[in-house]
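Have a look at target14.txt below; it lists compact mmCIF, C-alpha atoms.
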# COMPACT_ATOMS: atom_id res chain seq x y z
CA MET A 1 0.00 0.00 0.00
CA ALA A 2 2.81 2.37 0.99
CA VAL A 3 4.49 1.69 -2.36
CA ILE A 4 1.38 2.74 -4.28
CA GLU A 5 1.08 5.92 -2.22
CA THR A 6 4.74 6.78 -2.82
CA ASP A 7 4.31 6.15 -6.57
CA THR A 8 1.22 8.33 -6.70
CA PHE A 9 3.04 11.04 -4.77
CA ASP A 10 6.08 10.84 -7.08
CA GLU A 11 3.84 10.96 -10.11
CA THR A 12 1.90 13.98 -8.82
CA ALA A 13 5.17 15.78 -8.14
CA LEU A 14 6.51 14.84 -11.59
CA VAL A 15 3.32 16.07 -13.30
CA ALA A 16 3.53 19.38 -11.43
CA GLN A 17 7.17 19.83 -12.56
CA LEU A 18 6.26 18.88 -16.12
CA GLN A 19 3.43 21.38 -16.17
CA ARG A 20 5.82 24.10 -15.05
CA GLY A 21 7.94 23.26 -18.13
CA ASP A 22 10.83 21.68 -16.20
CA ALA A 23 13.25 20.17 -18.76
CA GLU A 24 14.72 17.66 -16.29
CA ALA A 25 11.27 16.37 -15.43
CA PHE A 26 10.61 15.85 -19.13
CA GLU A 27 13.81 13.83 -19.44
CA THR A 28 12.73 11.74 -16.44
CA LEU A 29 9.38 11.13 -18.15
CA VAL A 30 11.12 10.04 -21.38
CA ARG A 31 13.50 7.70 -19.54
CA GLN A 32 10.80 6.23 -17.30
CA HIS A 33 8.18 5.61 -19.95
CA GLY A 34 10.02 5.67 -23.31
CA GLY A 35 11.00 2.00 -23.30
CA ARG A 36 7.47 0.75 -22.71
CA MET A 37 6.12 3.19 -25.31
CA LEU A 38 8.69 2.06 -27.85
CA ALA A 39 7.65 -1.55 -27.24
CA VAL A 40 4.02 -0.61 -28.01
CA ALA A 41 5.05 1.18 -31.23
CA ARG A 42 7.26 -1.76 -32.23
CA ARG A 43 4.32 -4.13 -31.80
CA MET A 44 1.98 -1.89 -33.75
CA LEU A 45 4.34 -0.98 -36.58
CA GLY A 46 6.71 -3.94 -36.79
CA ASP A 47 9.40 -1.56 -38.02
CA GLU A 48 12.12 -0.04 -35.85
CA HIS A 49 12.50 3.25 -37.70
CA ALA A 50 8.76 3.96 -37.84
CA ALA A 51 8.40 2.89 -34.18
CA GLN A 52 11.05 5.38 -33.03
CA ASP A 53 9.39 8.12 -35.10
CA ALA A 54 6.04 7.30 -33.52
CA VAL A 55 7.53 7.53 -30.02
CA GLN A 56 9.05 10.90 -30.85
CA ASP A 57 5.68 12.12 -32.18
CA ALA A 58 3.98 10.73 -29.08
CA PHE A 59 6.29 12.58 -26.67
CA LEU A 60 5.79 15.83 -28.58
CA ALA A 61 2.01 15.32 -28.48
CA ALA A 62 2.27 14.59 -24.75
CA PHE A 63 4.42 17.69 -24.24
CA ARG A 64 1.78 19.85 -25.93
CA ALA A 65 -1.08 18.23 -24.04
CA LEU A 66 0.56 18.25 -20.59
CA GLY A 67 -1.53 21.23 -19.53
CA GLU A 68 -4.66 19.14 -20.06
CA PHE A 69 -3.39 16.15 -18.07
CA GLY A 70 -5.53 16.34 -14.96
CA GLY A 71 -4.26 13.21 -13.21
CA GLN A 72 -7.58 11.41 -13.84
CA SER A 73 -5.60 8.44 -15.16
CA GLN A 74 -2.04 7.29 -14.52
CA LEU A 75 0.68 8.82 -16.66
CA SER A 76 1.48 5.37 -18.09
CA THR A 77 -2.15 4.85 -19.21
CA TRP A 78 -2.29 8.34 -20.69
CA LEU A 79 1.01 7.84 -22.56
CA HIS A 80 -0.09 4.38 -23.76
CA ARG A 81 -3.11 5.99 -25.43
CA ILE A 82 -0.94 8.70 -26.99
CA VAL A 83 1.60 6.27 -28.45
CA VAL A 84 -1.18 4.00 -29.78
CA ASN A 85 -2.61 7.06 -31.55
CA ALA A 86 0.78 8.16 -32.89
CA SER A 87 1.40 4.63 -34.23
CA LEU A 88 -2.02 4.57 -35.92
CA MET A 89 -1.20 7.92 -37.58
CA LYS A 90 2.05 6.42 -38.90
CA LEU A 91 0.16 3.37 -40.19
CA ARG A 92 -2.27 5.58 -42.10
CA THR A 93 0.47 7.43 -43.94
CA ARG A 94 3.01 4.74 -44.64
CA LYS A 95 3.39 2.69 -47.81
CA ARG A 96 2.07 -0.80 -47.45
CA LYS A 97 4.44 -3.73 -47.58
CA PRO A 98 3.53 -6.67 -49.78
CA GLU A 99 1.45 -8.93 -47.60
CA CYS A 100 -0.17 -12.36 -47.69
CA SER A 101 -3.80 -12.23 -48.83
CA LEU A 102 -6.10 -12.88 -45.91
CA GLU A 103 -8.22 -15.36 -47.87
CA SER A 104 -5.19 -17.61 -48.37
CA LEU A 105 -4.75 -17.79 -44.59
CA LEU A 106 -8.35 -18.50 -43.59
CA PRO A 107 -9.71 -22.03 -43.14
CA ARG A 108 -11.47 -23.43 -46.21
CA PHE A 109 -14.67 -25.44 -46.20
CA LEU A 110 -16.38 -28.02 -48.40
CA GLU A 111 -19.84 -27.30 -49.76
CA ASP A 112 -21.43 -29.22 -46.90
CA GLY A 113 -19.62 -26.99 -44.34
CA HIS A 114 -16.94 -29.53 -43.28
CA GLN A 115 -13.33 -28.34 -42.93
CA ALA A 116 -11.58 -28.84 -46.29
CA GLU A 117 -8.28 -29.61 -44.53
CA PRO A 118 -9.33 -31.01 -41.14
CA ALA A 119 -7.30 -29.40 -38.34
CA THR A 120 -4.69 -31.58 -36.70
CA PRO A 121 -3.31 -31.06 -33.18
CA TRP A 122 -0.07 -29.13 -32.61
CA THR A 123 2.71 -31.08 -30.96
CA VAL A 124 3.47 -28.16 -28.66
CA SER A 125 1.14 -27.35 -25.73
CA ALA A 126 -0.13 -23.83 -25.05
CA GLU A 127 1.98 -23.63 -21.86
CA THR A 128 5.19 -24.69 -23.61
CA ALA A 129 4.46 -22.38 -26.55
CA CYS A 130 4.01 -19.37 -24.27
CA GLU A 131 7.21 -20.12 -22.36
CA SER A 132 9.37 -20.59 -25.44
CA GLU A 133 11.05 -17.42 -26.61
CA GLU A 134 11.60 -19.03 -30.01
CA ILE A 135 7.87 -19.64 -30.46
CA ARG A 136 6.96 -16.17 -29.17
CA ARG A 137 9.27 -14.69 -31.81
CA LEU A 138 7.83 -16.94 -34.50
CA VAL A 139 4.33 -15.81 -33.52
CA ARG A 140 5.39 -12.17 -33.63
CA GLU A 141 6.72 -12.70 -37.17
CA CYS A 142 3.40 -14.29 -38.11
CA ILE A 143 1.51 -11.31 -36.59
CA ASP A 144 3.75 -8.91 -38.53
CA SER A 145 2.96 -10.69 -41.80
CA LEU A 146 -0.84 -10.35 -41.42
CA PRO A 147 -2.50 -7.87 -43.79
CA GLU A 148 -2.33 -4.48 -42.12
CA ILE A 149 -5.97 -3.81 -41.23
CA PHE A 150 -6.18 -7.22 -39.59
CA ARG A 151 -2.82 -6.99 -37.84
CA THR A 152 -3.75 -3.59 -36.39
CA VAL A 153 -6.96 -4.82 -34.82
CA LEU A 154 -5.29 -7.96 -33.43
CA VAL A 155 -2.44 -5.97 -31.86
CA LEU A 156 -4.85 -3.41 -30.40
CA ARG A 157 -7.25 -5.97 -28.92
CA ASP A 158 -5.16 -9.05 -28.09
CA LEU A 159 -1.74 -7.55 -27.31
CA GLU A 160 -2.46 -4.00 -26.12
CA GLN A 161 -5.81 -5.05 -24.62
CA VAL A 162 -7.62 -1.97 -25.89
CA PRO A 163 -11.38 -2.55 -25.32
CA THR A 164 -13.57 -3.17 -28.42
CA GLU A 165 -15.36 0.15 -28.00
CA GLU A 166 -12.13 2.18 -27.88
CA ALA A 167 -10.60 0.21 -30.78
CA ALA A 168 -13.71 1.01 -32.85
CA ARG A 169 -13.33 4.70 -32.07
CA LEU A 170 -9.60 4.74 -32.86
CA LEU A 171 -10.08 2.91 -36.16
CA ASP A 172 -13.25 4.82 -37.02
CA VAL A 173 -15.29 1.66 -37.62
CA THR A 174 -18.22 0.05 -35.80
CA GLU A 175 -17.74 -2.36 -32.88
CA SER A 176 -19.12 -5.15 -35.02
CA VAL A 177 -16.44 -4.48 -37.67
CA VAL A 178 -13.79 -4.67 -34.92
CA LYS A 179 -15.18 -8.04 -33.77
CA THR A 180 -15.37 -9.47 -37.30
CA ARG A 181 -11.88 -8.29 -38.24
CA LEU A 182 -10.45 -9.55 -34.96
CA HIS A 183 -11.97 -12.98 -35.48
CA ARG A 184 -10.65 -13.20 -39.05
CA ALA A 185 -7.23 -11.97 -37.90
CA ARG A 186 -7.12 -14.68 -35.21
CA LEU A 187 -8.15 -17.37 -37.71
CA ALA A 188 -5.47 -16.17 -40.14
CA LEU A 189 -2.86 -16.08 -37.38
CA ARG A 190 -3.79 -19.62 -36.39
CA GLY A 191 -3.39 -20.63 -40.05
CA LEU A 192 0.03 -18.98 -40.27
CA ILE A 193 1.30 -20.59 -37.06
CA ASP A 194 -0.08 -23.95 -38.22
CA ARG A 195 1.95 -23.66 -41.45
CA ARG A 196 5.11 -22.54 -39.68
CA LEU A 197 4.90 -25.34 -37.12
CA GLN A 198 4.53 -27.81 -39.99
CA GLY A 199 7.47 -26.25 -41.84
CA ALA A 200 5.49 -24.78 -44.78
CA SER A 201 6.03 -21.32 -46.29
CA PRO A 202 3.77 -18.56 -44.90
CA CYS A 203 1.82 -17.47 -48.00
CA MET B 1 -26.64 -29.50 -36.02
CA LEU B 2 -24.15 -26.71 -36.71
CA THR B 3 -21.66 -27.22 -39.53
CA CYS B 4 -17.87 -27.00 -38.94
CA GLN B 5 -17.94 -23.68 -40.81
CA GLU B 6 -20.53 -22.23 -38.42
CA VAL B 7 -18.61 -23.53 -35.39
CA ILE B 8 -15.40 -21.88 -36.62
CA ASP B 9 -17.28 -18.64 -37.43
CA TYR B 10 -18.49 -18.40 -33.82
CA LEU B 11 -15.23 -19.46 -32.17
CA SER B 12 -14.14 -16.04 -30.85
CA ALA B 13 -17.59 -15.46 -29.35
CA TYR B 14 -17.56 -19.03 -27.96
CA VAL B 15 -14.19 -18.74 -26.20
CA ALA B 16 -15.22 -15.32 -24.81
CA ARG B 17 -18.49 -16.94 -23.58
CA GLU B 18 -20.47 -14.28 -25.41
CA LEU B 19 -22.94 -16.64 -27.12
CA PRO B 20 -26.53 -17.03 -25.92
CA PRO B 21 -26.94 -20.27 -23.90
CA ASP B 22 -28.69 -22.21 -26.71
CA GLU B 23 -25.90 -21.40 -29.18
CA GLN B 24 -23.25 -22.26 -26.59
CA THR B 25 -24.98 -25.65 -26.20
CA ALA B 26 -25.19 -26.12 -29.98
CA MET B 27 -21.42 -25.49 -30.20
CA GLU B 28 -20.75 -28.03 -27.46
CA ARG B 29 -22.98 -30.59 -29.16
CA HIS B 30 -20.98 -30.25 -32.39
CA LEU B 31 -17.63 -30.34 -30.56
CA ALA B 32 -18.66 -33.53 -28.76
CA VAL B 33 -18.76 -35.43 -32.07
CA CYS B 34 -16.23 -33.61 -34.29
CA PRO B 35 -12.51 -34.25 -33.54
CA PRO B 36 -11.26 -31.85 -36.30
CA CYS B 37 -13.23 -28.99 -34.71
CA VAL B 38 -11.85 -29.93 -31.27
CA ASN B 39 -8.34 -29.76 -32.81
CA PHE B 40 -9.24 -26.43 -34.36
CA LEU B 41 -10.57 -25.08 -31.04
CA LYS B 42 -7.43 -26.20 -29.14
CA THR B 43 -5.04 -24.68 -31.67
CA PHE B 44 -7.20 -21.52 -31.75
CA ARG B 45 -6.95 -21.19 -27.95
CA THR B 46 -3.18 -21.77 -28.15
CA THR B 47 -2.99 -19.05 -30.82
CA LEU B 48 -4.73 -16.55 -28.51
CA ALA B 49 -2.51 -17.47 -25.57
CA VAL B 50 0.73 -17.29 -27.50
CA ALA B 51 -0.29 -14.03 -29.22
CA ARG B 52 -0.81 -12.51 -25.76
CA SER B 53 2.49 -13.91 -24.53
CA SER B 54 4.32 -12.58 -27.62
CA LYS B 55 3.82 -9.16 -26.04
CA ARG B 56 6.73 -9.95 -23.75
CA LEU B 57 9.84 -10.21 -25.88
CA PRO B 58 13.18 -9.64 -24.17
CA THR B 59 15.00 -6.40 -25.08
CA GLU B 60 11.82 -4.99 -26.63
CA GLU B 61 11.62 -2.24 -24.02
CA GLU B 62 15.20 -1.11 -24.49
CA LEU B 63 15.29 2.60 -25.15
CA PRO B 64 18.13 3.69 -27.46
CA GLU B 65 20.04 6.70 -26.12
CA GLU B 66 19.82 8.37 -29.59
CA LEU B 67 16.03 8.29 -29.34
CA VAL B 68 16.11 9.93 -25.89
CA ARG B 69 18.35 12.66 -27.29
CA ALA B 70 16.16 13.09 -30.39
CA VAL B 71 13.03 13.46 -28.24
CA LEU B 72 14.71 16.00 -25.92
CA ALA B 73 16.00 17.99 -28.91
CA ALA B 74 12.56 17.96 -30.55
CA ARG B 75 11.01 19.25 -27.32
CA GLN B 76 13.60 22.00 -27.19
CA ARG B 77 12.78 23.06 -30.76
CA SER B 78 9.08 22.89 -30.17
CA SER B 79 9.19 25.04 -27.00
CA SER B 80 11.48 27.73 -28.39
Rendering of file as structure tokens:
Amino acid sequence: MAVIETDTFDETALVAQLQRGDAEAFETLVRQHGGRMLAVARRMLGDEHAAQDAVQDAFLAAFRALGEFGGQSQLSTWLHRIVVNASLMKLRTRKRKPECSLESLLPRFLEDGHQAEPATPWTVSAETACESEEIRRLVRECIDSLPEIFRTVLVLRDLEQVPTEEAARLLDVTESVVKTRLHRARLALRGLIDRRLQGASPC
Amino acid sequence: MLTCQEVIDYLSAYVARELPPDEQTAMERHLAVCPPCVNFLKTFRTTLAVARSSKRLPTEEELPEELVRAVLAARQRSSS
């Protein structure tokens, strides 16, 4: 309990210094939160250069908006939202990479509704898969190779845990579009992992 | 009886327990007799778990010193 109070106190003091335009406080903010923000941008953009740009944009946006930060949320939550937004802005303006077509990654069905290629079990269990750094990296590569609009919604919902309602607002689509895209993204990701685990090429 | 295609269409809602009780039961009835859909469900759940766990990659939160300097310089420019 004492730890939380100390943190809150430190954060209140830091916010007050930031709002007075204290340069050292700004550097503290960058060093304390920059790493986590860069990780978010890396997950959303899958590209180091763009991710660093997004973090820089995010800190400038935060700097301009500091006066409006009323302490209603934690600094980390507030900065998370800002870097998610900055990454989405980067996504909207950047050239698309060649990507696998989503259709090729989705399960296929026979006319009677049966699976065309019946799913087989994976040799690795969920627990082992989550603990293996190699598999986590493989999964991240699979996520990065999803078509952009699907990757974005999967990263927002499943990795960044942004609620459906907020994801819909950020992406300017309805909640039902978010749910449909997320489901298709998950199916495609499952298809990609399935191929990689069986040694096939991704597309 | 639901088809495999319908079961797979509803899988996200099923694992989030968002389906109405009769649809949840219809899913379970299909899964009870369809091993390929059980395999699909298991690998789908593993996909969700491992996607979540892929959030934690070592070194991902490392902050390059050049970026810190670039941010501080940009703030300087923007406030002057």
Would you list which chain A residues are within 8 Å of chain B using all atoms listed in the file, as a PyMOL selection string? chain A and resi 26-27+30-31+34-39+42-43+52+56+59-60+63+109+112-115+118-122+125-126+129-130+133+136-137+139-140+158-159+183+186-187+189-190+193
Let me make sure I understand: among A:Ala13, A:Ala168, A:Met89, A:Ile149, which one has the smallest atom-to-atom distance to Gly71 in chain A if we use all atoms listed in the file?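 Nearest candidate to Gly71 in chain A out of A:Ala13, A:Ala168, A:Met89, A:Ile149: A:Ala13.
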What is the distance between CA of Ala86 in chain A and CA of Val162 in chain A, in Å to one decimal?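 Those two atoms sit 14.9 Å apart.
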Quick one: distance from CA of Glu18 in chain B to CA of Arg108 in chain A in Å, one decimal?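 These atoms are spaced 24.4 Å apart.
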Report the distance between CA of Glu48 in chain A and CA of Ala61 in chain A in Å, rounded to one decimal place.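 So the two atoms, CA of Glu48 in chain A and CA of Ala61 in chain A, lie 19.8 Å apart.
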Box in all listed atoms of range 130-136 of chain A, axis-aligned, with 5 Å more on each side; write out centre and edge lengths in Å to one decimal as lines of an AutoDock Vina configuration file.
center_x = 7.8
center_y = -18.4
center_z = -26.4
size_x = 17.6
size_y = 14.4
size_z = 18.1
Incomplete range 20-48 of chain B filled out to N, CA and C atoms as a JSON list (two decimals), keeping the file's coordinate frame:
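Final file, result_0.json:
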[["chain", "number", "residue", "atom", "x", "y", "z"],
["B", 20, "PRO", "N", -25.35, -16.69, -26.72],
["B", 20, "PRO", "CA", -26.53, -17.03, -25.92],
["B", 20, "PRO", "C", -26.46, -18.52, -25.54],
["B", 21, "PRO", "N", -27.08, -18.90, -24.40],
["B", 21, "PRO", "CA", -26.94, -20.27, -23.90],
["B", 21, "PRO", "C", -27.29, -21.35, -24.93],
["B", 22, "ASP", "N", -28.33, -21.14, -25.76],
["B", 22, "ASP", "CA", -28.69, -22.21, -26.71],
["B", 22, "ASP", "C", -27.61, -22.39, -27.78],
["B", 23, "GLU", "N", -26.98, -21.29, -28.19],
["B", 23, "GLU", "CA", -25.90, -21.40, -29.18],
["B", 23, "GLU", "C", -24.65, -22.02, -28.58],
["B", 24, "GLN", "N", -24.38, -21.66, -27.32],
["B", 24, "GLN", "CA", -23.25, -22.26, -26.59],
["B", 24, "GLN", "C", -23.44, -23.79, -26.56],
["B", 25, "THR", "N", -24.68, -24.21, -26.26],
["B", 25, "THR", "CA", -24.98, -25.65, -26.20],
["B", 25, "THR", "C", -24.84, -26.29, -27.57],
["B", 26, "ALA", "N", -25.30, -25.58, -28.62],
["B", 26, "ALA", "CA", -25.19, -26.12, -29.98],
["B", 26, "ALA", "C", -23.71, -26.31, -30.36],
["B", 27, "MET", "N", -22.86, -25.36, -29.94],
["B", 27, "MET", "CA", -21.42, -25.49, -30.20],
["B", 27, "MET", "C", -20.89, -26.73, -29.50],
["B", 28, "GLU", "N", -21.27, -26.89, -28.23],
["B", 28, "GLU", "CA", -20.75, -28.03, -27.46],
["B", 28, "GLU", "C", -21.22, -29.36, -28.05],
["B", 29, "ARG", "N", -22.45, -29.37, -28.55],
["B", 29, "ARG", "CA", -22.98, -30.59, -29.16],
["B", 29, "ARG", "C", -22.14, -30.96, -30.40],
["B", 30, "HIS", "N", -21.80, -29.98, -31.20],
["B", 30, "HIS", "CA", -20.98, -30.25, -32.39],
["B", 30, "HIS", "C", -19.58, -30.73, -31.97],
["B", 31, "LEU", "N", -19.00, -30.01, -30.99],
["B", 31, "LEU", "CA", -17.63, -30.34, -30.56],
["B", 31, "LEU", "C", -17.55, -31.76, -29.98],
["B", 32, "ALA", "N", -18.66, -32.20, -29.39],
["B", 32, "ALA", "CA", -18.66, -33.53, -28.76],
["B", 32, "ALA", "C", -18.47, -34.64, -29.79],
["B", 33, "VAL", "N", -18.82, -34.36, -31.05],
["B", 33, "VAL", "CA", -18.76, -35.43, -32.07],
["B", 33, "VAL", "C", -17.81, -35.11, -33.22],
["B", 34, "CYS", "N", -17.05, -34.00, -33.14],
["B", 34, "CYS", "CA", -16.23, -33.61, -34.29],
["B", 34, "CYS", "C", -14.77, -33.37, -33.89],
["B", 35, "PRO", "N", -13.92, -34.42, -33.94],
["B", 35, "PRO", "CA", -12.51, -34.25, -33.54],
["B", 35, "PRO", "C", -11.77, -33.14, -34.31],
["B", 36, "PRO", "N", -11.98, -32.95, -35.64],
["B", 36, "PRO", "CA", -11.26, -31.85, -36.30],
["B", 36, "PRO", "C", -11.61, -30.48, -35.72],
["B", 37, "CYS", "N", -12.87, -30.29, -35.31],
["B", 37, "CYS", "CA", -13.23, -28.99, -34.71],
["B", 37, "CYS", "C", -12.64, -28.85, -33.30],
["B", 38, "VAL", "N", -12.52, -29.98, -32.58],
["B", 38, "VAL", "CA", -11.85, -29.93, -31.27],
["B", 38, "VAL", "C", -10.39, -29.54, -31.48],
["B", 39, "ASN", "N", -9.74, -30.14, -32.49],
["B", 39, "ASN", "CA", -8.34, -29.76, -32.81],
["B", 39, "ASN", "C", -8.27, -28.28, -33.16],
["B", 40, "PHE", "N", -9.24, -27.83, -33.96],
["B", 40, "PHE", "CA", -9.24, -26.43, -34.36],
["B", 40, "PHE", "C", -9.38, -25.53, -33.14],
["B", 41, "LEU", "N", -10.34, -25.88, -32.25],
["B", 41, "LEU", "CA", -10.57, -25.08, -31.04],
["B", 41, "LEU", "C", -9.31, -25.01, -30.18],
["B", 42, "LYS", "N", -8.64, -26.18, -29.99],
["B", 42, "LYS", "CA", -7.43, -26.20, -29.14],
["B", 42, "LYS", "C", -6.34, -25.33, -29.73],
["B", 43, "THR", "N", -6.13, -25.45, -31.04],
["B", 43, "THR", "CA", -5.04, -24.68, -31.67],
["B", 43, "THR", "C", -5.42, -23.19, -31.71],
["B", 44, "PHE", "N", -6.73, -22.91, -31.79],
["B", 44, "PHE", "CA", -7.20, -21.52, -31.75],
["B", 44, "PHE", "C", -6.92, -20.91, -30.38],
["B", 45, "ARG", "N", -7.22, -21.68, -29.31],
["B", 45, "ARG", "CA", -6.95, -21.19, -27.95],
["B", 45, "ARG", "C", -5.45, -20.98, -27.75],
["B", 46, "THR", "N", -4.64, -21.92, -28.26],
["B", 46, "THR", "CA", -3.18, -21.77, -28.15],
["B", 46, "THR", "C", -2.73, -20.51, -28.88],
["B", 47, "THR", "N", -3.33, -20.26, -30.06],
["B", 47, "THR", "CA", -2.99, -19.05, -30.82],
["B", 47, "THR", "C", -3.23, -17.80, -29.99],
["B", 48, "LEU", "N", -4.41, -17.74, -29.32],
["B", 48, "LEU", "CA", -4.73, -16.55, -28.51],
["B", 48, "LEU", "C", -3.74, -16.40, -27.37]]
